[in-house]
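structure.cif (mmCIF, C-alpha atoms)
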```
data_work
#
loop_
_atom_site.label_atom_id
_atom_site.label_comp_id
_atom_site.auth_asym_id
_atom_site.auth_seq_id
_atom_site.Cartn_x
_atom_site.Cartn_y
_atom_site.Cartn_z
CA MET U 1 -7.19 10.14 -23.53
CA LYS U 2 -5.93 10.73 -20.01
CA ARG U 3 -7.36 8.97 -17.01
CA LEU U 4 -8.68 10.94 -14.09
CA PHE U 5 -6.73 10.70 -10.85
CA GLY U 6 -7.46 7.64 -8.72
CA ARG U 7 -9.71 5.92 -11.23
CA LYS U 8 -8.99 2.62 -12.89
CA SER U 9 -10.67 1.63 -16.05
CA HIS U 10 -12.99 -1.35 -15.94
CA ASN U 11 -10.68 -3.21 -18.33
CA THR U 12 -7.70 -2.83 -16.00
CA ARG U 13 -9.57 -4.30 -13.06
CA SER U 14 -10.94 -7.13 -15.20
CA ALA U 15 -7.51 -7.94 -16.60
CA GLY U 16 -6.09 -8.14 -13.07
CA LYS U 17 -8.81 -10.54 -12.01
CA VAL U 18 -8.25 -12.73 -15.06
CA ILE U 19 -4.49 -12.87 -14.43
CA ALA U 20 -4.99 -13.69 -10.74
CA ALA U 21 -7.51 -16.42 -11.58
CA ALA U 22 -5.16 -17.90 -14.19
CA LEU U 23 -2.29 -18.00 -11.69
CA VAL U 24 -4.39 -19.63 -8.98
CA GLY U 25 -5.84 -22.10 -11.48
CA SER U 26 -2.44 -23.08 -12.81
CA VAL U 27 -1.07 -23.70 -9.30
CA VAL U 28 -4.09 -25.78 -8.31
CA GLY U 29 -4.00 -27.71 -11.59
CA ALA U 30 -0.29 -28.44 -11.32
CA THR U 31 -0.67 -29.59 -7.72
CA VAL U 32 -3.56 -31.92 -8.51
CA GLY U 33 -1.72 -33.27 -11.54
CA LEU U 34 1.38 -34.05 -9.50
CA LEU U 35 -0.57 -35.70 -6.71
CA MET U 36 -2.62 -37.85 -9.09
CA ALA U 37 0.34 -39.03 -11.18
CA PRO U 38 1.54 -42.59 -10.44
CA THR U 39 5.17 -41.97 -9.36
CA SER U 40 7.41 -42.94 -6.45
CA GLY U 41 7.74 -40.75 -3.38
CA ALA U 42 11.28 -39.67 -4.26
CA GLU U 43 10.27 -38.78 -7.81
CA MET U 44 7.23 -36.87 -6.54
CA ARG U 45 9.37 -34.85 -4.10
CA ARG U 46 11.78 -34.01 -6.91
CA LYS U 47 8.91 -32.84 -9.13
CA ILE U 48 7.37 -30.78 -6.34
CA ARG U 49 10.75 -29.20 -5.53
CA GLY U 50 11.25 -28.35 -9.20
CA GLY U 51 7.76 -26.91 -9.45
CA ALA U 52 8.32 -24.81 -6.33
CA MET U 53 11.56 -23.44 -7.77
CA ASP U 54 9.81 -22.60 -11.04
CA ALA U 55 6.98 -20.90 -9.16
CA ARG U 56 9.51 -18.86 -7.17
CA GLU U 57 11.19 -17.68 -10.37
CA ARG U 58 7.83 -16.77 -11.93
CA ALA U 59 6.89 -14.87 -8.76
CA LYS U 60 10.18 -12.94 -8.89
CA THR U 61 9.55 -12.07 -12.53
CA ALA U 62 5.98 -10.99 -11.78
CA ALA U 63 7.18 -8.87 -8.85
CA GLY U 64 9.72 -7.19 -11.12
CA ASN U 65 7.03 -6.50 -13.70
CA ILE U 66 4.72 -5.07 -11.06
CA GLU U 67 7.51 -2.87 -9.67
CA SER U 68 8.31 -1.61 -13.15
CA ARG U 69 4.68 -0.80 -13.87
CA ALA U 70 4.32 0.93 -10.49
CA ARG U 71 7.30 3.14 -11.32
CA GLU U 72 5.76 3.99 -14.71
CA LEU U 73 2.46 4.89 -13.05
CA ALA U 74 4.25 7.01 -10.46
CA GLU U 75 6.01 8.90 -13.24
CA GLU U 76 2.67 9.44 -15.02
CA VAL U 77 1.06 10.75 -11.84
CA THR U 78 4.01 13.05 -11.20
CA GLU U 79 3.80 14.37 -14.75
CA ASP U 80 0.04 14.90 -14.47
CA LEU U 81 0.49 16.67 -11.12
CA ASN U 82 3.20 18.92 -12.56
CA ASN U 83 0.95 19.74 -15.52
CA ALA U 84 -1.97 20.54 -13.21
CA THR U 85 0.24 22.68 -10.97
CA GLY U 86 1.56 24.59 -13.98
CA SER U 87 -1.96 25.12 -15.27
CA VAL U 88 -3.13 26.49 -11.93
CA ALA U 89 -0.12 28.82 -11.75
CA ARG U 90 -0.78 30.11 -15.27
CA ARG U 91 -4.45 30.72 -14.49
CA ARG U 92 -3.57 32.55 -11.27
CA LYS U 93 -1.13 34.74 -13.16
CA VAL U 94 -3.73 35.56 -15.82
CA ALA U 95 -6.34 36.26 -13.15
CA SER U 96 -4.03 38.54 -11.19
CA THR U 97 -2.97 40.53 -14.27
CA SER U 98 -6.54 40.99 -15.50
CA ARG U 99 -7.74 42.67 -12.31
#
```
Render the structure in this file as structure tokens.
Amino acid sequence: MKRLFGRKSHNTRSAGKVIAAALVGSVVGATVGLLMAPTSGAEMRRKIRGGAMDARERAKTAAGNIESRARELAEEVTEDLNNATGSVARRRKVASTSR
């Protein structure tokens, strides 16, 4: 079943909110866990640096996934637009020949 232009399904919006909440929760949880752990300052800085590097890599991966999905959606919209344009042209042709 095709979606109408410009409309997101409720499930898509809900999934986005769940993913965003999970990301925020994981960052907050990791930060609190690191700050509450009994370690030396040097060890803590090393852990934080490692966590920041991991977060950067995850962000790059997520950005790549988002870019890929955006390209897929753009292709779908282009295809739908081409189909609609073709349909209108066919209907105009039929209307003009039936007069």
Checklist entry - Could you pull the residues within 10 Å of Gly51 (chain U), counting only C-alpha atoms, minus those fewer than 3 positions along the same chain, as a PyMOL selection string? => result chain U and resi 27+30-31+34+45-48+54-57
Checklist entry - Rounded to one decimal in Å, what is the spacing between CA of Gly50 (chain U) and CA of Pro38 (chain U)? => result 17.3 Å
Item to check | Between CA of Asn83 (chain U) and CA of Gly64 (chain U) - distance in Å to one decimal | outcome: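 A separation of 28.7 Å between them.
Note that the spacing between CA of Ala20 (chain U) and CA of Ala62 (chain U) amounts to 11.3 Å.
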